[in-house]
Structure formats: C-alpha cells, structure tokens
>>> print(open('protein_12.cif').read())   # mmCIF, C-alpha atoms
data_run
#
loop_
_atom_site.group_PDB
_atom_site.id
_atom_site.type_symbol
_atom_site.label_atom_id
_atom_site.label_comp_id
_atom_site.auth_asym_id
_atom_site.auth_seq_id
_atom_site.Cartn_x
_atom_site.Cartn_y
_atom_site.Cartn_z
ATOM 1 C CA LYS A 1 135.971 154.354 117.022
ATOM 2 C CA LYS A 2 133.681 151.873 115.296
ATOM 3 C CA ALA A 3 132.457 152.257 111.729
ATOM 4 C CA ALA A 4 130.246 150.119 109.515
ATOM 5 C CA ILE A 5 130.686 150.361 105.752
ATOM 6 C CA PHE A 6 127.811 149.187 103.579
ATOM 7 C CA GLY A 7 129.229 148.306 100.188
ATOM 8 C CA GLY A 8 132.635 147.965 101.798
ATOM 9 C CA THR A 9 133.922 145.578 99.133
ATOM 10 C CA GLY A 10 133.705 148.220 96.372
ATOM 11 C CA PHE A 11 136.370 150.574 95.047
ATOM 12 C CA ILE A 12 135.937 153.389 97.573
ATOM 13 C CA GLY A 13 134.537 151.252 100.390
ATOM 14 C CA ARG A 14 137.480 148.865 100.438
ATOM 15 C CA GLU A 15 140.054 151.660 100.553
ATOM 16 C CA LEU A 16 138.113 153.443 103.288
ATOM 17 C CA ALA A 17 137.934 150.248 105.344
ATOM 18 C CA ARG A 18 141.678 149.742 105.007
ATOM 19 C CA GLU A 19 142.463 153.302 106.105
ATOM 20 C CA LEU A 20 140.140 153.077 109.107
ATOM 21 C CA ALA A 21 141.639 149.762 110.206
ATOM 22 C CA GLU A 22 145.190 151.088 109.848
ATOM 23 C CA ARG A 23 144.460 153.968 112.191
ATOM 24 C CA GLY A 24 143.070 151.546 114.787
ATOM 25 C CA ASP A 25 139.326 151.769 114.261
ATOM 26 C CA GLU A 26 137.031 148.755 114.418
ATOM 27 C CA VAL A 27 135.509 148.226 110.992
ATOM 28 C CA ALA A 28 132.487 146.172 109.954
ATOM 29 C CA ILE A 29 131.916 145.552 106.259
ATOM 30 C CA VAL A 30 128.338 144.855 105.210
ATOM 31 C CA SER A 31 127.754 143.069 101.907
ATOM 32 C CA ARG A 32 125.364 140.650 100.254
ATOM 33 C CA ARG A 33 127.545 137.598 100.766
ATOM 34 C CA PRO A 34 129.776 136.301 103.580
ATOM 35 C CA ALA A 35 133.516 136.608 103.146
ATOM 36 C CA PRO A 36 135.105 133.705 101.209
ATOM 37 C CA GLY A 37 136.451 131.186 103.702
ATOM 38 C CA GLY A 38 134.620 132.881 106.556
ATOM 39 C CA GLY A 39 137.257 135.588 107.190
ATOM 40 C CA ASP A 40 138.056 139.053 105.883
ATOM 41 C CA GLY A 41 141.375 140.073 107.401
ATOM 42 C CA PRO A 42 141.064 142.754 110.085
ATOM 43 C CA PHE A 43 137.421 143.452 109.271
ATOM 44 C CA ARG A 44 134.254 142.167 110.811
ATOM 45 C CA ARG A 45 132.119 140.852 107.947
ATOM 46 C CA LEU A 46 128.323 140.969 108.107
ATOM 47 C CA THR A 47 125.590 140.380 105.555
ATOM 48 C CA TRP A 48 122.385 142.328 105.012
ATOM 49 C CA ARG A 49 120.419 139.231 105.971
ATOM 50 C CA GLU A 50 122.214 138.919 109.305
ATOM 51 C CA LEU A 51 121.428 142.545 110.129
ATOM 52 C CA GLU A 52 117.787 142.124 109.219
ATOM 53 C CA GLU A 53 117.599 139.225 111.650
ATOM 54 C CA ASP A 54 119.664 140.885 114.386
ATOM 55 C CA PRO A 55 120.211 144.665 114.038
ATOM 56 C CA ALA A 56 121.900 144.690 117.458
ATOM 57 C CA LEU A 57 125.043 143.457 115.685
ATOM 58 C CA LEU A 58 125.707 147.134 114.927
ATOM 59 C CA GLU A 59 124.571 148.630 118.222
ATOM 60 C CA GLY A 60 126.895 151.373 119.449
ATOM 61 C CA TYR A 61 128.750 152.015 116.198
ATOM 62 C CA ASP A 62 129.902 155.618 115.787
ATOM 63 C CA ALA A 63 129.334 156.007 112.054
ATOM 64 C CA PHE A 64 127.725 154.260 109.096
ATOM 65 C CA VAL A 65 129.009 154.822 105.558
ATOM 66 C CA ASN A 66 126.696 153.594 102.810
ATOM 67 C CA GLN A 67 128.415 153.172 99.448
ATOM 68 C CA ALA A 68 126.348 150.157 98.382
ATOM 69 C CA GLY A 69 125.126 150.040 94.817
ATOM 70 C CA GLU A 70 125.825 148.412 91.469
ATOM 71 C CA THR A 71 128.702 149.914 89.527
ATOM 72 C CA ILE A 72 127.871 152.516 86.884
ATOM 73 C CA ASN A 73 130.971 151.389 84.971
ATOM 74 C CA GLN A 74 129.080 149.191 82.541
ATOM 75 C CA ARG A 75 127.051 149.372 79.371
ATOM 76 C CA ARG A 76 123.848 151.122 80.404
ATOM 77 C CA THR A 77 121.119 148.974 78.936
ATOM 78 C CA GLU A 78 117.629 149.424 80.335
ATOM 79 C CA LYS A 79 118.143 146.395 82.585
ATOM 80 C CA ALA A 80 121.482 147.758 83.805
ATOM 81 C CA LYS A 81 119.938 151.155 84.540
ATOM 82 C CA ARG A 82 117.236 149.494 86.597
ATOM 83 C CA ARG A 83 119.831 147.546 88.598
ATOM 84 C CA ILE A 84 121.930 150.679 89.178
ATOM 85 C CA LEU A 85 118.950 152.598 90.535
ATOM 86 C CA ASP A 86 117.246 149.793 92.448
ATOM 87 C CA SER A 87 120.443 148.667 94.192
ATOM 88 C CA ARG A 88 121.001 152.169 95.588
ATOM 89 C CA VAL A 89 117.421 152.814 96.620
ATOM 90 C CA ASP A 90 117.143 149.378 98.223
ATOM 91 C CA ALA A 91 120.376 149.805 100.202
ATOM 92 C CA ALA A 92 119.323 153.238 101.477
ATOM 93 C CA ARG A 93 115.957 151.888 102.581
ATOM 94 C CA ARG A 94 117.613 148.980 104.366
ATOM 95 C CA VAL A 95 119.943 151.348 106.210
ATOM 96 C CA ALA A 96 116.943 153.485 107.194
ATOM 97 C CA VAL A 97 115.144 150.455 108.645
ATOM 98 C CA LEU A 98 118.299 149.327 110.448
ATOM 99 C CA VAL A 99 118.857 152.751 112.033
ATOM 100 C CA SER A 100 115.231 152.917 113.164
ATOM 101 C CA ARG A 101 115.627 149.577 114.981
ATOM 102 C CA LEU A 102 118.789 150.504 116.871
ATOM 103 C CA ARG A 103 118.631 151.733 120.465
ATOM 104 C CA ARG A 104 122.127 153.251 120.256
ATOM 105 C CA LYS A 105 122.208 154.837 116.842
ATOM 106 C CA PRO A 106 125.365 156.016 115.072
ATOM 107 C CA GLU A 107 126.315 159.658 115.470
ATOM 108 C CA ALA A 108 126.385 160.110 111.696
ATOM 109 C CA VAL A 109 125.347 158.291 108.530
ATOM 110 C CA LEU A 110 127.346 159.197 105.433
ATOM 111 C CA ASN A 111 125.482 158.094 102.333
ATOM 112 C CA GLY A 112 126.761 158.035 98.777
ATOM 113 C CA SER A 113 125.376 160.441 96.212
ATOM 114 C CA GLY A 114 126.674 161.987 92.996
ATOM 115 C CA MET A 115 127.723 165.277 91.444
ATOM 116 C CA SER A 116 125.719 164.404 88.336
ATOM 117 C CA VAL A 117 122.600 165.685 90.120
ATOM 118 C CA TYR A 118 123.607 169.260 89.220
ATOM 119 C CA GLY A 119 123.673 168.677 85.475
ATOM 120 C CA GLN A 120 126.328 170.064 83.149
ATOM 121 C CA SER A 121 127.212 173.493 81.865
ATOM 122 C CA GLU A 122 130.133 175.067 80.025
ATOM 123 C CA THR A 123 129.656 178.385 81.820
ATOM 124 C CA GLU A 124 128.023 177.798 85.235
ATOM 125 C CA THR A 125 129.607 176.923 88.572
ATOM 126 C CA PHE A 126 127.834 174.448 90.858
ATOM 127 C CA ASP A 127 128.007 173.890 94.596
ATOM 128 C CA GLU A 128 126.011 171.949 97.202
ATOM 129 C CA ASP A 129 123.250 174.562 97.186
ATOM 130 C CA SER A 130 122.653 174.335 93.436
ATOM 131 C CA PRO A 131 119.230 172.912 92.526
ATOM 132 C CA PRO A 132 119.037 169.390 91.082
ATOM 133 C CA ARG A 133 118.594 169.050 87.333
ATOM 134 C CA PRO A 134 117.084 165.723 86.226
ATOM 135 C CA ALA A 135 118.584 166.057 82.758
ATOM 136 C CA ASP A 136 119.919 162.516 82.311
ATOM 137 C CA PHE A 137 119.882 159.041 83.789
ATOM 138 C CA LEU A 138 122.578 159.604 86.397
ATOM 139 C CA ALA A 139 121.009 162.848 87.611
ATOM 140 C CA ARG A 140 117.599 161.192 87.929
ATOM 141 C CA THR A 141 119.229 158.271 89.753
ATOM 142 C CA VAL A 142 120.814 160.593 92.318
ATOM 143 C CA ILE A 143 117.494 162.371 92.880
ATOM 144 C CA ASP A 144 115.556 159.127 93.471
ATOM 145 C CA TRP A 145 118.421 157.770 95.567
ATOM 146 C CA GLY A 146 118.341 160.921 97.694
ATOM 147 C CA LYS A 147 114.635 160.523 98.384
ATOM 148 C CA ALA A 148 115.310 157.055 99.785
ATOM 149 C CA VAL A 149 118.245 158.374 101.826
ATOM 150 C CA ASP A 150 115.971 161.005 103.402
ATOM 151 C CA GLY A 151 114.184 158.114 105.097
ATOM 152 C CA ILE A 152 117.182 157.705 107.416
ATOM 153 C CA ARG A 153 115.991 159.510 110.557
ATOM 154 C CA GLY A 154 117.258 160.301 114.029
ATOM 155 C CA VAL A 155 120.925 160.735 113.107
ATOM 156 C CA ARG A 156 123.134 163.339 111.467
ATOM 157 C CA LEU A 157 122.807 162.562 107.768
ATOM 158 C CA VAL A 158 125.424 163.521 105.188
ATOM 159 C CA LYS A 159 124.999 162.987 101.449
ATOM 160 C CA LEU A 160 128.360 162.518 99.775
ATOM 161 C CA ARG A 161 128.400 164.246 96.392
ATOM 162 C CA ILE A 162 131.114 162.137 94.772
ATOM 163 C CA GLY A 163 132.123 162.290 91.119
ATOM 164 C CA LEU A 164 134.786 160.381 89.225
ATOM 165 C CA VAL A 165 137.510 159.100 91.566
ATOM 166 C CA LEU A 166 140.833 157.931 90.196
ATOM 167 C CA GLY A 167 142.880 154.935 91.227
ATOM 168 C CA GLY A 168 145.761 152.898 89.923
ATOM 169 C CA GLN A 169 148.479 154.528 87.820
ATOM 170 C CA ARG A 170 146.409 157.586 86.867
ATOM 171 C CA VAL A 171 147.843 157.665 83.340
ATOM 172 C CA LEU A 172 144.714 159.110 81.764
ATOM 173 C CA PRO A 173 144.558 162.370 83.766
ATOM 174 C CA ARG A 174 148.234 163.057 83.057
ATOM 175 C CA ARG A 175 147.662 162.605 79.346
ATOM 176 C CA ILE A 176 144.559 164.814 79.441
ATOM 177 C CA MET A 177 146.639 167.602 80.953
ATOM 178 C CA GLU A 178 149.305 167.055 78.299
ATOM 179 C CA HIS A 179 146.611 167.858 75.734
ATOM 180 C CA GLY A 180 145.926 171.226 77.283
ATOM 181 C CA CYS A 181 143.035 170.576 79.666
ATOM 182 C CA ALA A 182 143.674 171.049 83.383
ATOM 183 C CA PHE A 183 140.614 169.154 84.553
ATOM 184 C CA ARG A 184 141.463 167.481 87.853
ATOM 185 C CA PHE A 185 139.667 164.578 89.546
ATOM 186 C CA PRO A 186 140.338 163.474 93.148
ATOM 187 C CA THR A 187 142.431 160.360 93.628
ATOM 188 C CA ILE A 188 141.129 157.483 95.720
ATOM 189 C CA GLU A 189 143.514 158.546 98.501
ATOM 190 C CA GLU A 190 142.147 162.103 98.475
ATOM 191 C CA ALA A 191 138.523 160.984 98.357
ATOM 192 C CA VAL A 192 138.996 158.583 101.260
ATOM 193 C CA GLY A 193 140.968 161.186 103.212
ATOM 194 C CA ASP A 194 138.022 163.569 102.918
ATOM 195 C CA LEU A 195 135.590 160.859 104.000
ATOM 196 C CA LEU A 196 137.682 160.158 107.076
ATOM 197 C CA GLN A 197 137.335 163.776 108.175
ATOM 198 C CA LYS A 198 133.569 164.154 107.811
ATOM 199 C CA PRO A 199 132.443 162.063 110.819
ATOM 200 C CA LYS A 200 134.956 163.995 112.982
ATOM 201 C CA ARG A 201 133.180 167.330 112.565
ATOM 202 C CA PRO A 202 130.384 167.312 115.154
ATOM 203 C CA GLN A 203 131.259 170.853 116.177
ATOM 204 C CA ASN A 204 129.875 172.281 112.953
ATOM 205 C CA LYS A 205 127.107 169.687 112.639
ATOM 206 C CA LEU A 206 127.987 168.910 109.040
ATOM 207 C CA GLN A 207 124.906 167.485 107.389
ATOM 208 C CA GLY A 208 123.059 167.488 104.086
ATOM 209 C CA ALA A 209 124.841 167.464 100.740
ATOM 210 C CA THR A 210 128.603 167.806 100.729
ATOM 211 C CA GLY A 211 131.350 166.982 98.278
ATOM 212 C CA PRO A 212 135.117 166.519 98.305
ATOM 213 C CA PRO A 213 137.392 169.566 98.140
ATOM 214 C CA ALA A 214 136.683 171.461 94.928
ATOM 215 C CA SER A 215 138.765 170.518 91.916
ATOM 216 C CA ALA A 216 139.795 173.473 89.818
ATOM 217 C CA SER A 217 139.075 173.348 86.114
ATOM 218 C CA CYS A 218 140.260 175.762 83.485
ATOM 219 C CA CYS A 219 138.666 174.109 80.484
ATOM 220 C CA ARG A 220 135.197 173.797 79.027
ATOM 221 C CA ILE A 221 133.417 170.451 78.908
ATOM 222 C CA THR A 222 133.891 170.265 75.139
ATOM 223 C CA SER A 223 137.627 170.892 75.544
ATOM 224 C CA PHE A 224 137.807 168.188 78.203
ATOM 225 C CA MET A 225 136.134 165.639 75.929
ATOM 226 C CA THR A 226 138.452 166.563 73.058
ATOM 227 C CA ALA A 227 141.468 166.109 75.326
ATOM 228 C CA MET A 228 140.110 162.831 76.648
ATOM 229 C CA ASN A 229 139.572 161.466 73.141
ATOM 230 C CA ALA A 230 143.091 162.518 72.184
ATOM 231 C CA SER A 231 144.410 160.678 75.248
ATOM 232 C CA ALA A 232 142.491 157.459 74.648
ATOM 233 C CA ASP A 233 145.458 155.486 73.317
ATOM 234 C CA LEU A 234 147.220 154.906 76.649
ATOM 235 C CA GLY A 235 149.921 152.868 74.959
ATOM 236 C CA LYS A 236 151.498 155.943 73.356
#
>>> encode(input="protein_12.cif", output="structure tokens")
Amino acid sequence: KKAAIFGGTGFIGRELARELAERGDEVAIVSRRPAPGGGDGPFRRLTWRELEEDPALLEGYDAFVNQAGETINQRRTEKAKRRILDSRVDAARRVAVLVSRLRRKPEAVLNGSGMSVYGQSETETFDEDSPPRPADFLARTVIDWGKAVDGIRGVRLVKLRIGLVLGGQRVLPRRIMEHGCAFRFPTIEEAVGDLLQKPKRPQNKLQGATGPPASASCCRITSFMTAMNASADLGK
C-alpha cells in the first residue's frame, strides 16, 4: 500500500508514518520544506510546492492523511489564532486541488478535525451525529476547517474527530486518576492504531465524521479540572 501524509512531521503524523513504514507500506511525507540533507530515512519527502508543480508525484496512492496545521499548543494571541485557522484551511484547500488534478485518485482521504466542535457539557453525551456548537475558538476553527475539507471531491472522505492525544511518559493522566478522576485520553499508539484501521474498511464505506474508540469518563468537567490542577506539580 502507498500512503501520503500531509503534515507528516508533526506529533501524530510522524508516528503514523513510522508505523506504516514498519508494516511495509510506501510512505510519502508532505511538508513545507525539504528534508534536511535531502533525505528522510525510509520516507519519500515531498513539498507542497513540488506537488503544485507536478501532482502526478502522488498518482496511484491508496490513501491521503491530512494532519497539516499549526500546533494549538501555544499562547493563543489573535495572530496565533489566525495562523492556527489559516494553516488548516489552506492545507485542506491544497489537498482538494491536488485530488481534483489526479487521474488515479486515492481510495480515501482522512482529514484531521477535532472533538471541540461539539462543545462542552457536564451532563450531555456527544457522538459523531451531534450538531456542531461554535461556542469557542477551537469549535469555530473545526467548523471552518470542515467547510474547506468538504471541497475534497471524488473520493471517500473521512473527518477525524481527534481530541487530546498523549505521548511520552504519560505522568499527568496517572496523577489525574490518583486524584479521583477517571478521565482517559488515547495514547499516541492507540490513536495511530485507529488511524491505521480506517483506510482498511471499504466494506462499510466509512466516511464523514469519525473519532477514535470512545474513552470512558466517570467525572464531570469541573472535577477533571480540579484533578488536573492538583496534578500540575509533576515533580511530586
């Protein structure tokens, strides 16, 4: 199989690329800049500019995964908010143009999205059919991002409703649970494992909004924040 990952140098994209390569797939990573030194290990490295000039570089690929966009892990000034939104909308539009120019289009395009689109509640349960609630910046970003993603035509389109994904030593979630709040986030391994399965489901024609396996929670949002604040000193 052949997969192209847009934003493949990011947290999720890099891990996904590694997993795909380890199982024997051919992986192309698309980013703004060429790889340092001209190589990127087992991956084929392409830039957005190269694809604009020659979209045939990705002819015949089985799946596209678009995770491109500026990190939200920063101080959200007005300029930062604009970069966060514009980077996602621009990447989705570029993927849409690329797909439209290909003769042999990918079977599926998996595009990033976010659980924040559903808003927050201490009593309600949300799933992929819940209506969007533009209550805050991240929710509005996901809505505008989704409109750009809808411009990707002629392929099976999946919007990945991803929330917080954990990596590294995962000390914080353990400490949160120690403070009485069983609020569980997927690890990077679990999130990538779910992504690897989605392009392999043509029999049920998975498309539209979808998220990772549900994470059970037995605490209210306020309890979660209290536990998180109590866990903030990771040196204890």
>>> resolve_selection(input="protein_12.cif", expression="the PyMOL selection byres ((chain A and resi 17) around 9)", output="PyMOL selection string")
chain A and resi 3-5+8-9+12-16+18-22+27-29+43
>>> atom_distance(input="protein_12.cif", atom1="atom CA of A:Phe126", atom2="atom CA of A:Arg140")
17.0 Å
>>> closest_residue(input="protein_12.cif", among="A:Val109, A:Leu58, A:Ala63, A:Ile84", to="A:Asp25", atoms="all atoms listed in the file")
A:Ala63
>>> resolve_selection(input="protein_12.cif", expression="the PyMOL selection byres ((chain A and resi 68) around 10)", output="JSON list (two decimals) with C-alpha atoms, in the frame of the given file")
[["chain", "number", "residue", "atom", "x", "y", "z"],
["A", 5, "ILE", "CA", 130.69, 150.36, 105.75],
["A", 6, "PHE", "CA", 127.81, 149.19, 103.58],
["A", 7, "GLY", "CA", 129.23, 148.31, 100.19],
["A", 8, "GLY", "CA", 132.64, 147.96, 101.80],
["A", 9, "THR", "CA", 133.92, 145.58, 99.13],
["A", 10, "GLY", "CA", 133.71, 148.22, 96.37],
["A", 13, "GLY", "CA", 134.54, 151.25, 100.39],
["A", 30, "VAL", "CA", 128.34, 144.85, 105.21],
["A", 31, "SER", "CA", 127.75, 143.07, 101.91],
["A", 32, "ARG", "CA", 125.36, 140.65, 100.25],
["A", 65, "VAL", "CA", 129.01, 154.82, 105.56],
["A", 66, "ASN", "CA", 126.70, 153.59, 102.81],
["A", 67, "GLN", "CA", 128.42, 153.17, 99.45],
["A", 69, "GLY", "CA", 125.13, 150.04, 94.82],
["A", 70, "GLU", "CA", 125.82, 148.41, 91.47],
["A", 71, "THR", "CA", 128.70, 149.91, 89.53],
["A", 87, "SER", "CA", 120.44, 148.67, 94.19],
["A", 88, "ARG", "CA", 121.00, 152.17, 95.59],
["A", 89, "VAL", "CA", 117.42, 152.81, 96.62],
["A", 90, "ASP", "CA", 117.14, 149.38, 98.22],
["A", 91, "ALA", "CA", 120.38, 149.80, 100.20],
["A", 92, "ALA", "CA", 119.32, 153.24, 101.48],
["A", 111, "ASN", "CA", 125.48, 158.09, 102.33],
["A", 112, "GLY", "CA", 126.76, 158.04, 98.78]]
>>> closest_residue(input="protein_12.cif", among="A:Leu157, A:Ile143, A:Leu57, A:Leu138", to="A:Arg45", atoms="all atoms listed in the file")
A:Leu57
>>> atom_distance(input="protein_12.cif", atom1="atom CA of A:Val149", atom2="atom CA of A:Arg103")
19.8 Å
>>> closest_residue(input="protein_12.cif", among="A:Ser130, A:Thr123, A:Thr77, A:Ser113", to="A:Asp144", atoms="all atoms listed in the file")
A:Ser113
>>> atom_distance(input="protein_12.cif", atom1="atom CA of A:Val158", atom2="atom CA of A:Glu53")
26.3 Å
>>> build_atoms(input="protein_12.cif", residues="stretch 128-153 of chain A", atoms="N, CA and C atoms", output="mmCIF file, keeping the file's coordinate frame")
data_model
loop_
_atom_site.group_PDB
_atom_site.id
_atom_site.type_symbol
_atom_site.label_atom_id
_atom_site.label_comp_id
_atom_site.auth_asym_id
_atom_site.auth_seq_id
_atom_site.Cartn_x
_atom_site.Cartn_y
_atom_site.Cartn_z
ATOM 1 N N GLU A 128 127.002 172.803 96.536
ATOM 2 C CA GLU A 128 126.011 171.949 97.202
ATOM 3 C C GLU A 128 124.625 172.579 97.290
ATOM 4 N N ASP A 129 124.544 173.890 97.121
ATOM 5 C CA ASP A 129 123.250 174.562 97.186
ATOM 6 C C ASP A 129 122.569 174.694 95.825
ATOM 7 N N SER A 130 123.244 174.257 94.768
ATOM 8 C CA SER A 130 122.653 174.335 93.436
ATOM 9 C C SER A 130 121.464 173.385 93.334
ATOM 10 N N PRO A 131 120.413 173.783 92.635
ATOM 11 C CA PRO A 131 119.230 172.912 92.526
ATOM 12 C C PRO A 131 119.514 171.702 91.648
ATOM 13 N N PRO A 132 118.866 170.574 91.925
ATOM 14 C CA PRO A 132 119.037 169.390 91.082
ATOM 15 C C PRO A 132 118.453 169.602 89.696
ATOM 16 N N ARG A 133 119.066 168.952 88.716
ATOM 17 C CA ARG A 133 118.594 169.050 87.333
ATOM 18 C C ARG A 133 118.468 167.630 86.777
ATOM 19 N N PRO A 134 117.274 167.105 86.704
ATOM 20 C CA PRO A 134 117.084 165.723 86.226
ATOM 21 C C PRO A 134 117.213 165.611 84.715
ATOM 22 N N ALA A 135 118.388 165.967 84.198
ATOM 23 C CA ALA A 135 118.584 166.057 82.758
ATOM 24 C C ALA A 135 118.952 164.726 82.114
ATOM 25 N N ASP A 136 119.500 163.784 82.900
ATOM 26 C CA ASP A 136 119.919 162.516 82.311
ATOM 27 C C ASP A 136 119.730 161.399 83.327
ATOM 28 N N PHE A 137 120.111 160.203 82.930
ATOM 29 C CA PHE A 137 119.882 159.041 83.789
ATOM 30 C C PHE A 137 120.582 159.161 85.140
ATOM 31 N N LEU A 138 121.850 159.542 85.138
ATOM 32 C CA LEU A 138 122.578 159.604 86.397
ATOM 33 C C LEU A 138 122.004 160.665 87.327
ATOM 34 N N ALA A 139 121.613 161.806 86.779
ATOM 35 C CA ALA A 139 121.009 162.848 87.611
ATOM 36 C C ALA A 139 119.699 162.363 88.217
ATOM 37 N N ARG A 140 118.882 161.710 87.414
ATOM 38 C CA ARG A 140 117.599 161.192 87.929
ATOM 39 C C ARG A 140 117.841 160.107 88.977
ATOM 40 N N THR A 141 118.885 159.304 88.773
ATOM 41 C CA THR A 141 119.229 158.271 89.753
ATOM 42 C C THR A 141 119.586 158.898 91.097
ATOM 43 N N VAL A 142 120.412 159.935 91.074
ATOM 44 C CA VAL A 142 120.814 160.593 92.318
ATOM 45 C C VAL A 142 119.606 161.201 93.026
ATOM 46 N N ILE A 143 118.685 161.767 92.276
ATOM 47 C CA ILE A 143 117.494 162.371 92.880
ATOM 48 C C ILE A 143 116.643 161.303 93.572
ATOM 49 N N ASP A 144 116.366 160.199 92.873
ATOM 50 C CA ASP A 144 115.556 159.127 93.471
ATOM 51 C C ASP A 144 116.288 158.474 94.636
ATOM 52 N N TRP A 145 117.581 158.318 94.491
ATOM 53 C CA TRP A 145 118.421 157.770 95.567
ATOM 54 C C TRP A 145 118.324 158.663 96.796
ATOM 55 N N GLY A 146 118.410 159.978 96.584
ATOM 56 C CA GLY A 146 118.341 160.921 97.694
ATOM 57 C C GLY A 146 117.028 160.866 98.445
ATOM 58 N N LYS A 147 115.946 160.634 97.725
ATOM 59 C CA LYS A 147 114.635 160.523 98.384
ATOM 60 C C LYS A 147 114.621 159.332 99.342
ATOM 61 N N ALA A 148 115.237 158.227 98.911
ATOM 62 C CA ALA A 148 115.310 157.055 99.785
ATOM 63 C C ALA A 148 116.217 157.329 100.982
ATOM 64 N N VAL A 149 117.308 158.048 100.747
ATOM 65 C CA VAL A 149 118.245 158.374 101.826
ATOM 66 C C VAL A 149 117.567 159.248 102.879
ATOM 67 N N ASP A 150 116.669 160.118 102.454
ATOM 68 C CA ASP A 150 115.971 161.005 103.402
ATOM 69 C C ASP A 150 115.120 160.231 104.402
ATOM 70 N N GLY A 151 114.916 158.943 104.151
ATOM 71 C CA GLY A 151 114.184 158.114 105.097
ATOM 72 C C GLY A 151 115.019 157.698 106.296
ATOM 73 N N ILE A 152 116.305 158.000 106.280
ATOM 74 C CA ILE A 152 117.182 157.705 107.416
ATOM 75 C C ILE A 152 116.988 158.811 108.445
ATOM 76 N N ARG A 153 116.389 158.490 109.571
ATOM 77 C CA ARG A 153 115.991 159.510 110.557
ATOM 78 C C ARG A 153 116.695 159.296 111.896
#
